[in-house]
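Asks: So I've got this file, input15.cif, and it contains mmCIF, C-alpha atoms:
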```cif
data_query
#
loop_
_atom_site.label_atom_id
_atom_site.label_comp_id
_atom_site.auth_asym_id
_atom_site.auth_seq_id
_atom_site.Cartn_x
_atom_site.Cartn_y
_atom_site.Cartn_z
CA MET F 17 47.67 94.24 93.99
CA LYS F 18 50.29 96.43 92.37
CA ARG F 19 50.01 99.03 95.12
CA VAL F 20 50.29 96.34 97.72
CA LEU F 21 53.47 94.96 96.20
CA LEU F 22 54.93 98.43 95.94
CA SER F 23 54.49 98.99 99.65
CA ALA F 24 56.40 95.91 100.63
CA VAL F 25 59.16 96.53 98.17
CA VAL F 26 59.71 100.05 99.42
CA LEU F 27 59.79 98.73 102.96
CA ALA F 28 62.66 96.45 102.28
CA GLY F 29 64.51 99.04 100.28
CA MET F 30 64.15 96.93 97.17
CA ALA F 31 63.84 98.10 93.60
CA VAL F 32 60.22 98.51 92.63
CA LEU F 33 60.57 97.10 89.19
CA ALA F 34 62.44 93.97 90.14
CA GLN F 35 59.31 92.30 91.49
CA ASN F 36 57.58 92.51 88.14
CA GLN F 37 60.30 90.93 86.11
CA THR F 38 59.70 87.52 84.65
CA ALA F 39 62.35 85.13 85.87
CA SER F 40 63.74 82.22 83.97
CA LYS F 41 63.77 78.85 85.69
CA LYS F 42 67.48 79.08 86.29
CA ALA F 43 69.17 81.88 88.17
CA ALA F 44 71.53 84.16 86.33
CA ASP F 45 74.46 82.70 88.26
CA GLY F 46 73.58 79.24 86.94
CA LYS F 47 74.07 77.72 90.36
CA GLY F 48 70.49 77.28 91.46
CA GLU F 49 66.82 77.84 90.88
CA ALA F 50 65.62 81.38 90.39
CA GLN F 51 62.55 80.50 92.38
CA MET F 52 62.07 79.26 95.91
CA LYS F 53 59.23 78.10 98.11
CA LEU F 54 58.36 80.14 101.17
CA PRO F 55 59.53 78.33 104.32
CA PRO F 56 56.16 76.93 105.48
CA ASN F 57 56.79 77.33 109.20
CA TYR F 58 58.48 80.75 109.26
CA ARG F 59 55.87 82.07 111.71
CA GLU F 60 57.39 79.65 114.25
CA TRP F 61 60.87 81.07 113.68
CA VAL F 62 62.41 83.74 115.89
CA TYR F 63 60.79 87.16 115.57
CA VAL F 64 63.34 89.97 115.43
CA SER F 65 61.13 93.07 115.09
CA SER F 66 58.33 94.92 113.33
CA GLY F 67 58.17 98.31 111.68
CA PHE F 68 55.14 100.48 111.00
CA ASP F 69 54.97 102.45 107.73
CA MET F 70 58.76 102.50 107.50
CA SER F 71 60.40 103.88 104.38
CA TYR F 72 63.98 104.59 103.45
CA VAL F 73 62.87 106.99 100.72
CA PRO F 74 62.02 110.56 101.79
CA GLY F 75 58.83 112.20 100.56
CA LEU F 76 57.23 108.98 99.35
CA ALA F 77 53.58 109.49 98.39
CA ASN F 78 51.02 108.27 100.88
CA MET F 79 49.81 104.81 99.94
CA GLY F 80 46.30 105.32 101.34
CA HIS F 81 46.82 102.66 103.99
CA SER F 82 49.25 101.78 106.75
CA MET F 83 51.19 98.59 107.10
CA PHE F 84 53.31 96.53 109.45
CA ASP F 85 56.41 94.62 108.47
CA ASN F 86 57.37 91.67 110.65
CA VAL F 87 60.80 90.06 110.38
CA PHE F 88 61.57 86.43 111.30
CA VAL F 89 64.86 84.52 111.16
CA ASN F 90 65.54 80.78 111.33
CA PRO F 91 66.28 79.69 114.93
CA GLU F 92 69.71 78.18 114.17
CA ALA F 93 70.91 81.49 112.73
CA TYR F 94 69.48 83.44 115.66
CA LYS F 95 71.30 81.24 118.19
CA LYS F 96 74.53 81.65 116.27
CA PHE F 97 74.04 85.44 116.15
CA LEU F 98 73.72 85.56 119.95
CA GLU F 99 77.05 83.72 120.22
CA THR F 100 78.99 85.53 117.50
CA GLY F 101 77.22 88.79 116.65
CA THR F 102 76.92 87.84 113.01
CA TRP F 103 74.96 85.55 110.67
CA PRO F 104 76.12 82.07 109.72
CA ASP F 105 75.87 80.55 106.26
CA LYS F 106 72.30 79.44 105.42
CA THR F 107 70.69 82.25 107.42
CA VAL F 108 67.17 82.93 106.14
CA PHE F 109 65.10 86.03 106.95
CA VAL F 110 61.44 86.35 106.06
CA LEU F 111 59.95 89.85 105.88
CA GLU F 112 56.16 89.74 106.09
CA ALA F 113 54.17 92.88 105.25
CA ARG F 114 50.64 93.03 106.66
CA MET F 115 47.87 95.56 106.14
CA ALA F 116 47.18 97.66 109.24
CA GLN F 117 43.59 97.58 110.51
CA ASN F 118 42.11 100.01 112.98
CA LYS F 119 38.37 99.45 113.15
CA GLY F 120 37.50 96.10 114.65
CA SER F 121 36.35 94.44 117.84
CA ILE F 122 36.94 96.76 120.79
CA ASN F 123 39.90 98.63 119.35
CA LYS F 124 39.37 102.40 119.54
CA LYS F 125 42.74 103.80 118.51
CA GLY F 126 45.89 102.69 116.77
CA SER F 127 46.41 99.69 114.52
CA TYR F 128 46.52 95.91 114.60
CA GLN F 129 47.58 93.47 111.92
CA GLY F 130 45.39 92.18 109.10
CA GLU F 131 46.06 90.25 105.91
CA VAL F 132 49.42 89.54 104.33
CA MET F 133 50.28 92.00 101.57
CA ALA F 134 53.64 90.58 100.52
CA ARG F 135 56.61 88.60 101.73
CA GLU F 136 60.30 88.69 100.95
CA VAL F 137 63.21 86.42 101.78
CA HIS F 138 66.80 87.54 102.38
CA MET F 139 69.07 84.50 102.55
CA LYS F 140 72.76 83.79 102.87
CA ASP F 141 74.36 81.07 100.80
CA GLU F 142 78.05 81.74 100.42
CA ALA F 143 78.67 79.13 97.74
CA ARG F 144 75.65 80.04 95.64
CA PHE F 145 75.35 83.83 95.56
CA PRO F 146 78.20 86.07 94.35
CA GLY F 147 77.63 88.56 97.19
CA LYS F 148 76.84 85.74 99.65
CA TRP F 149 73.27 87.00 100.12
CA ALA F 150 70.22 87.17 97.83
CA PHE F 151 66.65 88.48 97.94
CA PHE F 152 63.51 86.70 96.75
CA GLY F 153 60.18 88.50 96.30
CA PHE F 154 56.91 86.61 96.92
CA GLY F 155 53.93 88.95 96.65
CA ASP F 156 51.27 87.25 98.77
CA GLY F 157 51.85 83.77 97.30
CA ASP F 158 54.29 81.09 98.39
CA THR F 159 56.62 80.99 95.36
CA GLY F 160 59.36 83.60 95.35
CA THR F 161 61.47 84.92 92.51
CA LEU F 162 65.14 85.79 92.80
CA ILE F 163 65.67 89.53 92.62
CA PRO F 164 68.61 90.51 90.37
CA THR F 165 71.68 91.96 92.04
CA SER F 166 71.18 95.20 90.10
CA ALA F 167 68.18 96.00 92.31
CA ASP F 168 68.54 98.74 94.90
CA CYS F 169 67.96 96.38 97.82
CA TYR F 170 71.43 94.88 97.38
CA SER F 171 73.34 98.16 97.30
CA CYS F 172 71.25 99.69 100.10
CA HIS F 173 71.66 96.72 102.43
CA SER F 174 75.34 96.56 101.62
CA ALA F 175 75.94 100.26 102.30
CA HIS F 176 73.71 100.72 105.36
CA GLY F 177 73.14 97.34 107.05
CA ALA F 178 74.62 97.39 110.55
CA VAL F 179 75.82 93.78 110.34
CA ASP F 180 76.72 91.75 107.25
CA THR F 181 74.26 93.58 104.94
CA THR F 182 71.33 93.18 107.37
CA PHE F 183 69.43 95.94 109.16
CA VAL F 184 70.29 94.83 112.68
CA GLN F 185 70.02 98.50 113.72
CA PHE F 186 66.23 97.99 113.59
CA TYR F 187 66.29 94.78 115.68
CA PRO F 188 66.36 96.03 119.27
CA THR F 189 67.42 92.78 120.95
CA LEU F 190 70.29 92.18 118.51
CA ILE F 191 72.02 95.53 117.96
CA GLY F 192 73.53 95.38 121.46
CA VAL F 193 74.94 91.92 120.75
CA ALA F 194 76.64 93.22 117.60
CA LYS F 195 78.12 96.17 119.51
CA GLN F 196 79.41 93.85 122.23
CA LYS F 197 80.91 91.40 119.76
CA GLY F 198 82.40 94.15 117.59
CA THR F 199 80.67 93.00 114.41
CA LEU F 200 79.20 96.30 113.22
CA SER F 201 79.98 97.07 109.58
CA ALA F 202 82.47 99.84 108.80
CA GLY F 203 79.79 101.70 106.85
CA TYR F 204 77.35 101.67 109.73
CA VAL F 205 79.99 102.72 112.26
CA LYS F 206 80.93 105.67 110.04
CA GLU F 207 77.29 106.69 109.51
CA THR F 208 76.52 106.70 113.22
CA GLN F 209 79.71 108.32 114.50
CA GLY F 210 78.92 111.27 116.73
CA LYS F 211 75.20 110.48 116.78
CA MET Q 22 58.49 105.71 134.28
CA LYS Q 23 54.94 106.19 135.46
CA ARG Q 24 53.79 107.36 132.05
CA VAL Q 25 55.55 104.43 130.45
CA LEU Q 26 53.75 101.97 132.71
CA LEU Q 27 50.45 103.66 132.01
CA SER Q 28 50.88 103.18 128.29
CA ALA Q 29 51.38 99.45 128.57
CA VAL Q 30 48.56 99.01 131.00
CA VAL Q 31 46.12 100.82 128.76
CA LEU Q 32 47.29 98.68 125.86
CA ALA Q 33 46.36 95.48 127.56
CA GLY Q 34 43.09 96.88 128.84
CA MET Q 35 44.34 96.56 132.38
CA ALA Q 36 43.47 98.72 135.34
CA VAL Q 37 45.90 101.58 135.70
CA LEU Q 38 46.13 101.46 139.43
CA ALA Q 39 46.75 97.76 139.79
CA GLN Q 40 50.37 98.09 138.72
CA ASN Q 41 51.17 100.41 141.59
CA GLN Q 42 49.83 98.25 144.36
CA THR Q 43 52.25 96.69 146.77
CA ALA Q 44 51.87 92.93 146.72
CA SER Q 45 52.36 90.63 149.65
CA LYS Q 46 54.65 87.67 149.13
CA LYS Q 47 51.69 85.31 148.91
CA ALA Q 48 48.84 85.66 146.45
CA ALA Q 49 45.35 86.39 147.72
CA ASP Q 50 44.24 82.91 146.72
CA GLY Q 51 46.91 81.40 148.95
CA LYS Q 52 47.89 78.92 146.27
CA GLY Q 53 51.02 80.50 144.91
CA GLU Q 54 53.44 83.38 144.87
CA ALA Q 55 52.07 86.81 144.03
CA GLN Q 56 55.24 87.44 142.09
CA MET Q 57 56.80 85.70 139.12
CA LYS Q 58 59.97 85.90 137.10
CA LEU Q 59 59.75 86.90 133.46
CA PRO Q 60 60.33 83.83 131.26
CA PRO Q 61 63.94 84.54 130.22
CA ASN Q 62 63.65 83.18 126.69
CA TYR Q 63 60.24 84.55 125.71
CA ARG Q 64 61.72 86.29 122.66
CA GLU Q 65 62.36 82.81 121.26
CA TRP Q 66 58.71 81.84 121.75
CA VAL Q 67 56.13 82.07 118.99
CA TYR Q 68 55.22 85.61 117.96
CA VAL Q 69 51.50 86.07 117.46
CA SER Q 70 51.25 89.74 116.48
CA SER Q 71 52.05 93.39 117.18
CA GLY Q 72 49.88 96.43 117.59
CA PHE Q 73 50.81 100.10 117.14
CA ASP Q 74 49.32 102.67 119.54
CA MET Q 75 46.33 100.44 120.19
CA SER Q 76 43.84 101.43 122.85
CA TYR Q 77 40.50 100.02 123.93
CA VAL Q 78 39.55 103.32 125.56
CA PRO Q 79 38.11 106.03 123.26
CA GLY Q 80 39.44 109.58 123.49
CA LEU Q 81 42.53 108.69 125.46
CA ALA Q 82 44.92 111.62 125.75
CA ASN Q 83 47.98 111.53 123.53
CA MET Q 84 50.95 110.12 125.44
CA GLY Q 85 53.52 112.20 123.56
CA HIS Q 86 55.08 109.12 121.99
CA SER Q 87 54.05 106.07 119.99
CA MET Q 88 54.57 102.48 120.95
CA PHE Q 89 54.48 98.94 119.68
CA ASP Q 90 53.16 95.98 121.62
CA ASN Q 91 54.49 92.56 120.65
CA VAL Q 92 52.81 89.37 121.86
CA PHE Q 93 54.56 86.02 122.29
CA VAL Q 94 53.18 82.66 123.44
CA ASN Q 95 54.99 79.52 124.60
CA PRO Q 96 55.52 77.09 121.68
CA GLU Q 97 53.70 74.15 123.31
CA ALA Q 98 50.54 76.23 123.72
CA TYR Q 99 50.80 77.55 120.14
CA LYS Q 100 51.04 74.02 118.72
CA LYS Q 101 48.04 72.92 120.77
CA PHE Q 102 46.08 75.95 119.57
CA LEU Q 103 46.72 75.00 115.94
CA GLU Q 104 45.30 71.53 116.71
CA THR Q 105 42.35 72.52 118.88
CA GLY Q 106 41.59 76.23 118.39
CA THR Q 107 41.99 76.95 122.08
CA TRP Q 108 44.63 77.30 124.78
CA PRO Q 109 45.80 74.42 126.97
CA ASP Q 110 46.51 74.63 130.68
CA LYS Q 111 49.87 76.34 131.41
CA THR Q 112 49.62 78.67 128.41
CA VAL Q 113 51.77 81.78 128.95
CA PHE Q 114 51.56 84.98 126.92
CA VAL Q 115 54.11 87.78 127.20
CA LEU Q 116 53.05 91.25 126.04
CA GLU Q 117 56.08 93.45 125.41
CA ALA Q 118 55.59 97.19 124.93
CA ARG Q 119 58.39 99.02 123.12
CA MET Q 120 58.92 102.70 122.45
CA ALA Q 121 58.51 103.61 118.79
CA GLN Q 122 61.49 105.36 117.18
CA ASN Q 123 61.44 107.21 113.90
CA LYS Q 124 64.70 109.06 113.49
CA GLY Q 125 67.63 106.71 113.11
CA SER Q 126 69.92 105.20 110.53
CA ILE Q 127 68.39 105.53 107.07
CA ASN Q 128 64.75 105.49 108.13
CA LYS Q 129 62.85 108.43 106.64
CA LYS Q 130 59.25 107.69 107.54
CA GLY Q 131 57.28 105.49 109.91
CA SER Q 132 58.48 103.78 113.06
CA TYR Q 133 60.75 101.02 114.25
CA GLN Q 134 61.12 99.50 117.70
CA GLY Q 135 63.27 100.86 120.51
CA GLU Q 136 63.57 100.13 124.21
CA VAL Q 137 61.21 98.05 126.31
CA MET Q 138 58.70 100.19 128.19
CA ALA Q 139 56.85 97.45 130.05
CA ARG Q 140 55.91 93.79 129.93
CA GLU Q 141 52.91 91.84 131.09
CA VAL Q 142 52.16 88.14 131.41
CA HIS Q 143 48.75 86.52 130.92
CA MET Q 144 48.90 82.90 132.04
CA LYS Q 145 46.52 79.99 132.41
CA ASP Q 146 46.72 77.75 135.44
CA GLU Q 147 43.39 76.08 136.01
CA ALA Q 148 44.20 74.71 139.45
CA ARG Q 149 45.73 77.90 140.76
CA PHE Q 150 43.61 80.83 139.55
CA PRO Q 151 39.88 81.05 140.30
CA GLY Q 152 39.11 82.25 136.75
CA LYS Q 153 41.77 79.90 135.27
CA TRP Q 154 43.80 82.87 133.98
CA ALA Q 155 45.80 85.64 135.69
CA PHE Q 156 47.76 88.74 134.74
CA PHE Q 157 51.16 89.81 136.06
CA GLY Q 158 52.58 93.30 135.51
CA PHE Q 159 56.36 93.79 135.13
CA GLY Q 160 57.17 97.37 134.25
CA ASP Q 161 60.54 97.12 132.52
CA GLY Q 162 62.08 94.77 135.11
CA ASP Q 163 61.97 90.99 135.27
CA THR Q 164 59.88 90.48 138.42
CA GLY Q 165 56.15 90.64 137.90
CA THR Q 166 53.35 91.20 140.40
CA LEU Q 167 49.99 89.45 140.28
CA ILE Q 168 47.23 91.87 139.27
CA PRO Q 169 44.09 91.46 141.41
CA THR Q 170 41.00 90.03 139.73
CA SER Q 171 39.14 93.29 140.44
CA ALA Q 172 41.24 94.99 137.72
CA ASP Q 173 39.58 95.87 134.44
CA CYS Q 174 41.84 93.58 132.43
CA TYR Q 175 40.01 90.50 133.73
CA SER Q 176 36.49 91.68 132.95
CA CYS Q 177 37.50 93.15 129.58
CA HIS Q 178 39.32 90.01 128.42
CA SER Q 179 36.46 87.86 129.67
CA ALA Q 180 33.79 89.90 127.88
CA HIS Q 181 35.59 90.63 124.62
CA GLY Q 182 38.33 88.01 124.08
CA ALA Q 183 37.56 85.97 120.95
CA VAL Q 184 38.85 82.72 122.48
CA ASP Q 185 39.05 81.75 126.16
CA THR Q 186 39.55 85.36 127.44
CA THR Q 187 42.35 86.07 124.93
CA PHE Q 188 42.33 88.62 122.09
CA VAL Q 189 42.76 86.13 119.27
CA GLN Q 190 40.82 88.56 117.05
CA PHE Q 191 44.05 90.59 116.89
CA TYR Q 192 46.26 87.56 116.00
CA PRO Q 193 45.84 87.23 112.22
CA THR Q 194 47.24 83.71 111.87
CA LEU Q 195 45.09 82.32 114.70
CA ILE Q 196 41.60 83.81 114.31
CA GLY Q 197 40.95 81.61 111.27
CA VAL Q 198 41.91 78.51 113.25
CA ALA Q 199 39.41 79.42 115.97
CA LYS Q 200 36.67 79.96 113.40
CA GLN Q 201 37.44 76.63 111.77
CA LYS Q 202 37.50 74.77 115.07
CA GLY Q 203 34.38 76.51 116.38
CA THR Q 204 36.06 77.81 119.53
CA LEU Q 205 35.02 81.49 119.38
CA SER Q 206 33.51 82.75 122.63
CA ALA Q 207 29.77 83.41 122.74
CA GLY Q 208 30.44 87.06 123.62
CA TYR Q 209 32.70 87.59 120.64
CA VAL Q 210 30.29 85.85 118.24
CA LYS Q 211 27.48 88.10 119.47
CA GLU Q 212 29.62 91.26 119.19
CA THR Q 213 30.63 90.53 115.63
CA GLN Q 214 27.30 89.28 114.28
CA GLY Q 215 26.31 91.14 111.13
CA LYS Q 216 29.72 92.86 110.89
#
```
Step by step, read the file and then write its structure as structure tokens.

Replies:
Amino acid sequence: MKRVLLSAVVLAGMAVLAQNQTASKKAADGKGEAQMKLPPNYREWVYVSSGFDMSYVPGLANMGHSMFDNVFVNPEAYKKFLETGTWPDKTVFVLEARMAQNKGSINKKGSYQGEVMAREVHMKDEARFPGKWAFFGFGDGDTGTLIPTSADCYSCHSAHGAVDTTFVQFYPTLIGVAKQKGTLSAGYVKETQGK
Amino acid sequence: MKRVLLSAVVLAGMAVLAQNQTASKKAADGKGEAQMKLPPNYREWVYVSSGFDMSYVPGLANMGHSMFDNVFVNPEAYKKFLETGTWPDKTVFVLEARMAQNKGSINKKGSYQGEVMAREVHMKDEARFPGKWAFFGFGDGDTGTLIPTSADCYSCHSAHGAVDTTFVQFYPTLIGVAKQKGTLSAGYVKETQGK
């Protein structure tokens, strides 16, 4: 299970250790619970993209398996993004990591998706979180724990996210909207200049 | 473009040549148009899964690039499937093939999704199609052409699809529903016996 969690955490650019921390019932900011329930119907939300064996860390050791990560966002936030090029308050993303399978049925090559390995939520609540956004780690269960703001996921998303600390550069139907609406972050614009 | 079309066709188990045929305005069955428009909002439909470089043909030559295929289904059909374990009349699937990218932004390993390479529709219309279901090929445009029933996609889906000629065995949130509801096809049950 530990290896499985590690994979998902690396995927999202989160700190490895954060997932293993024991959380108190109350969040450090005192404004809300440090735990949350997984949105039960997130698979009916809007799909924004999948990655395959993605990592933001060079030279990471091979995990001995491949995995997919699927990203979903609540439909209200998606509609607002199409209109404005950015995310409204109460946006909720669910990242779902699934084990890649390759031997099954008539498949002869490549990979299809198997069991859930871990899930993470990235949500925006301007009144509740000091940086407006927060991450919750779930493992493969349905109760998530708030990840402290000292974890790498916060600084990485903040520095490199194309729009409002989110990795819209990896969501092929949305990056064009952000370019058109002029909502790309200064950091992302600088990183991609001349490329 | 030809290579791009080939990739998507192989993915869906469809006949390679069918995509290149010139269609008349009327379908061979005389009951409807041989062309259809891509459902404009299919990216807001329910996502059922993605594959990565999948092929049903062994020993296929390397295409020089990797690709994802994302599958979406209309929400009404998805809800009915959860209730019944099978697909109602007027079910529409969209298969979207996208080029895999690996060098971009902060990604160091693995693949994320780039441009659309091709799309295909698999739809059920019991009154219109002799075998209840039909395939339409789109390339990367939004007008699709009916694929003749002599194409391999029909026989392959019919022989190997886990539920009602569809590859539910590759949709991880749905295969369990079909097992529970007892709607697996006889062919699939036979293929997977003892595995």

Asks: Please identify all residues of chain F having at least one atom at most 10 Å from any atom of chain Q, considering only C-alpha atoms, and return them as a ChimeraX atom specification.

Replies: /F:27,59-76,82-86,88,91,94-95,114,116-118,120-132,172,176-178,183,185-189,204,207-208,211

Asks: Would you save the residues of that selection, restricted to C-alpha atoms, as a PDB file, in the frame of the given file?

Replies:
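Result file follows (again_30.pdb):
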```pdb
ATOM      1  CA  LEU F  27      59.790  98.730 102.960  1.00  0.00           C
ATOM      2  CA  ARG F  59      55.870  82.070 111.710  1.00  0.00           C
ATOM      3  CA  GLU F  60      57.390  79.650 114.250  1.00  0.00           C
ATOM      4  CA  TRP F  61      60.870  81.070 113.680  1.00  0.00           C
ATOM      5  CA  VAL F  62      62.410  83.740 115.890  1.00  0.00           C
ATOM      6  CA  TYR F  63      60.790  87.160 115.570  1.00  0.00           C
ATOM      7  CA  VAL F  64      63.340  89.970 115.430  1.00  0.00           C
ATOM      8  CA  SER F  65      61.130  93.070 115.090  1.00  0.00           C
ATOM      9  CA  SER F  66      58.330  94.920 113.330  1.00  0.00           C
ATOM     10  CA  GLY F  67      58.170  98.310 111.680  1.00  0.00           C
ATOM     11  CA  PHE F  68      55.140 100.480 111.000  1.00  0.00           C
ATOM     12  CA  ASP F  69      54.970 102.450 107.730  1.00  0.00           C
ATOM     13  CA  MET F  70      58.760 102.500 107.500  1.00  0.00           C
ATOM     14  CA  SER F  71      60.400 103.880 104.380  1.00  0.00           C
ATOM     15  CA  TYR F  72      63.980 104.590 103.450  1.00  0.00           C
ATOM     16  CA  VAL F  73      62.870 106.990 100.720  1.00  0.00           C
ATOM     17  CA  PRO F  74      62.020 110.560 101.790  1.00  0.00           C
ATOM     18  CA  GLY F  75      58.830 112.200 100.560  1.00  0.00           C
ATOM     19  CA  LEU F  76      57.230 108.980  99.350  1.00  0.00           C
ATOM     20  CA  SER F  82      49.250 101.780 106.750  1.00  0.00           C
ATOM     21  CA  MET F  83      51.190  98.590 107.100  1.00  0.00           C
ATOM     22  CA  PHE F  84      53.310  96.530 109.450  1.00  0.00           C
ATOM     23  CA  ASP F  85      56.410  94.620 108.470  1.00  0.00           C
ATOM     24  CA  ASN F  86      57.370  91.670 110.650  1.00  0.00           C
ATOM     25  CA  PHE F  88      61.570  86.430 111.300  1.00  0.00           C
ATOM     26  CA  PRO F  91      66.280  79.690 114.930  1.00  0.00           C
ATOM     27  CA  TYR F  94      69.480  83.440 115.660  1.00  0.00           C
ATOM     28  CA  LYS F  95      71.300  81.240 118.190  1.00  0.00           C
ATOM     29  CA  ARG F 114      50.640  93.030 106.660  1.00  0.00           C
ATOM     30  CA  ALA F 116      47.180  97.660 109.240  1.00  0.00           C
ATOM     31  CA  GLN F 117      43.590  97.580 110.510  1.00  0.00           C
ATOM     32  CA  ASN F 118      42.110 100.010 112.980  1.00  0.00           C
ATOM     33  CA  GLY F 120      37.500  96.100 114.650  1.00  0.00           C
ATOM     34  CA  SER F 121      36.350  94.440 117.840  1.00  0.00           C
ATOM     35  CA  ILE F 122      36.940  96.760 120.790  1.00  0.00           C
ATOM     36  CA  ASN F 123      39.900  98.630 119.350  1.00  0.00           C
ATOM     37  CA  LYS F 124      39.370 102.400 119.540  1.00  0.00           C
ATOM     38  CA  LYS F 125      42.740 103.800 118.510  1.00  0.00           C
ATOM     39  CA  GLY F 126      45.890 102.690 116.770  1.00  0.00           C
ATOM     40  CA  SER F 127      46.410  99.690 114.520  1.00  0.00           C
ATOM     41  CA  TYR F 128      46.520  95.910 114.600  1.00  0.00           C
ATOM     42  CA  GLN F 129      47.580  93.470 111.920  1.00  0.00           C
ATOM     43  CA  GLY F 130      45.390  92.180 109.100  1.00  0.00           C
ATOM     44  CA  GLU F 131      46.060  90.250 105.910  1.00  0.00           C
ATOM     45  CA  VAL F 132      49.420  89.540 104.330  1.00  0.00           C
ATOM     46  CA  CYS F 172      71.250  99.690 100.100  1.00  0.00           C
ATOM     47  CA  HIS F 176      73.710 100.720 105.360  1.00  0.00           C
ATOM     48  CA  GLY F 177      73.140  97.340 107.050  1.00  0.00           C
ATOM     49  CA  ALA F 178      74.620  97.390 110.550  1.00  0.00           C
ATOM     50  CA  PHE F 183      69.430  95.940 109.160  1.00  0.00           C
ATOM     51  CA  GLN F 185      70.020  98.500 113.720  1.00  0.00           C
ATOM     52  CA  PHE F 186      66.230  97.990 113.590  1.00  0.00           C
ATOM     53  CA  TYR F 187      66.290  94.780 115.680  1.00  0.00           C
ATOM     54  CA  PRO F 188      66.360  96.030 119.270  1.00  0.00           C
ATOM     55  CA  THR F 189      67.420  92.780 120.950  1.00  0.00           C
ATOM     56  CA  TYR F 204      77.350 101.670 109.730  1.00  0.00           C
ATOM     57  CA  GLU F 207      77.290 106.690 109.510  1.00  0.00           C
ATOM     58  CA  THR F 208      76.520 106.700 113.220  1.00  0.00           C
ATOM     59  CA  LYS F 211      75.200 110.480 116.780  1.00  0.00           C
TER      60      LYS F 211
END
```

Asks: Determine the residue membership of the PyMOL selection byres ((chain Q and resi 113) around 9) for the file above and supply it as a JSON list (two decimals) with C-alpha atoms, in the frame of the given file.

Replies:
```json
[["chain", "number", "residue", "atom", "x", "y", "z"],
["Q", 93, "PHE", "CA", 54.56, 86.02, 122.29],
["Q", 94, "VAL", "CA", 53.18, 82.66, 123.44],
["Q", 95, "ASN", "CA", 54.99, 79.52, 124.60],
["Q", 98, "ALA", "CA", 50.54, 76.23, 123.72],
["Q", 111, "LYS", "CA", 49.87, 76.34, 131.41],
["Q", 112, "THR", "CA", 49.62, 78.67, 128.41],
["Q", 114, "PHE", "CA", 51.56, 84.98, 126.92],
["Q", 115, "VAL", "CA", 54.11, 87.78, 127.20],
["Q", 142, "VAL", "CA", 52.16, 88.14, 131.41],
["Q", 143, "HIS", "CA", 48.75, 86.52, 130.92],
["Q", 144, "MET", "CA", 48.90, 82.90, 132.04],
["Q", 145, "LYS", "CA", 46.52, 79.99, 132.41]]
```

Asks: Residues near F:Lys197, anyone? I mean within 8 Å using all atoms listed in the file, not counting same-chain ones fewer than 4 positions away, as a PDB file with C-alpha atoms, in the frame of the given file.

Replies:
```pdb
ATOM      1  CA  THR F 100      78.990  85.530 117.500  1.00  0.00           C
ATOM      2  CA  GLY F 101      77.220  88.790 116.650  1.00  0.00           C
ATOM      3  CA  VAL F 193      74.940  91.920 120.750  1.00  0.00           C
TER       4      VAL F 193
END
```

Asks: What does the PyMOL selection byres ((chain F and resi 160) around 9) select in this file, as a ChimeraX atom specification?

Replies: /F:50-54,135-137,152-155,157-159,161-162

Asks: Could you give me, as a PDB file with C-alpha atoms, in the frame of the given file, the residues within 9 Å of F:Phe97, counting only C-alpha atoms and dropping anything in the same chain fewer than 6 positions from it?

Replies:
```
ATOM      1  CA  TRP F 103      74.960  85.550 110.670  1.00  0.00           C
ATOM      2  CA  PRO F 104      76.120  82.070 109.720  1.00  0.00           C
ATOM      3  CA  LEU F 190      70.290  92.180 118.510  1.00  0.00           C
ATOM      4  CA  VAL F 193      74.940  91.920 120.750  1.00  0.00           C
ATOM      5  CA  ALA F 194      76.640  93.220 117.600  1.00  0.00           C
TER       6      ALA F 194
END
```

Asks: Have a look at atom CA of F:Tyr170 and atom CA of Q:Lys124 and let me know their distance in Å, one decimal.

Replies: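 Answer for the atom CA of F:Tyr170 to atom CA of Q:Lys124 separation: 22.5 Å.
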
Asks: What does the distance between atom CA of Q:Ile196 and atom CA of Q:Leu103 come to in Å, to one decimal place?

Replies: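 Taking atom CA of Q:Ile196 and atom CA of Q:Leu103, their separation equals 10.3 Å.
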
Asks: Work out how far apart atom CA of Q:Asp110 and atom CA of Q:Arg149 are and give it in Å to one decimal.

Replies: 10.6 Å

Asks: Hey, which of F:Glu99, F:Asp156, F:Asp180, F:Glu112 ends up closest to F:Gln196? Count all atoms listed in the file.

Replies: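 Smallest distance to F:Gln196 is found for F:Glu99.
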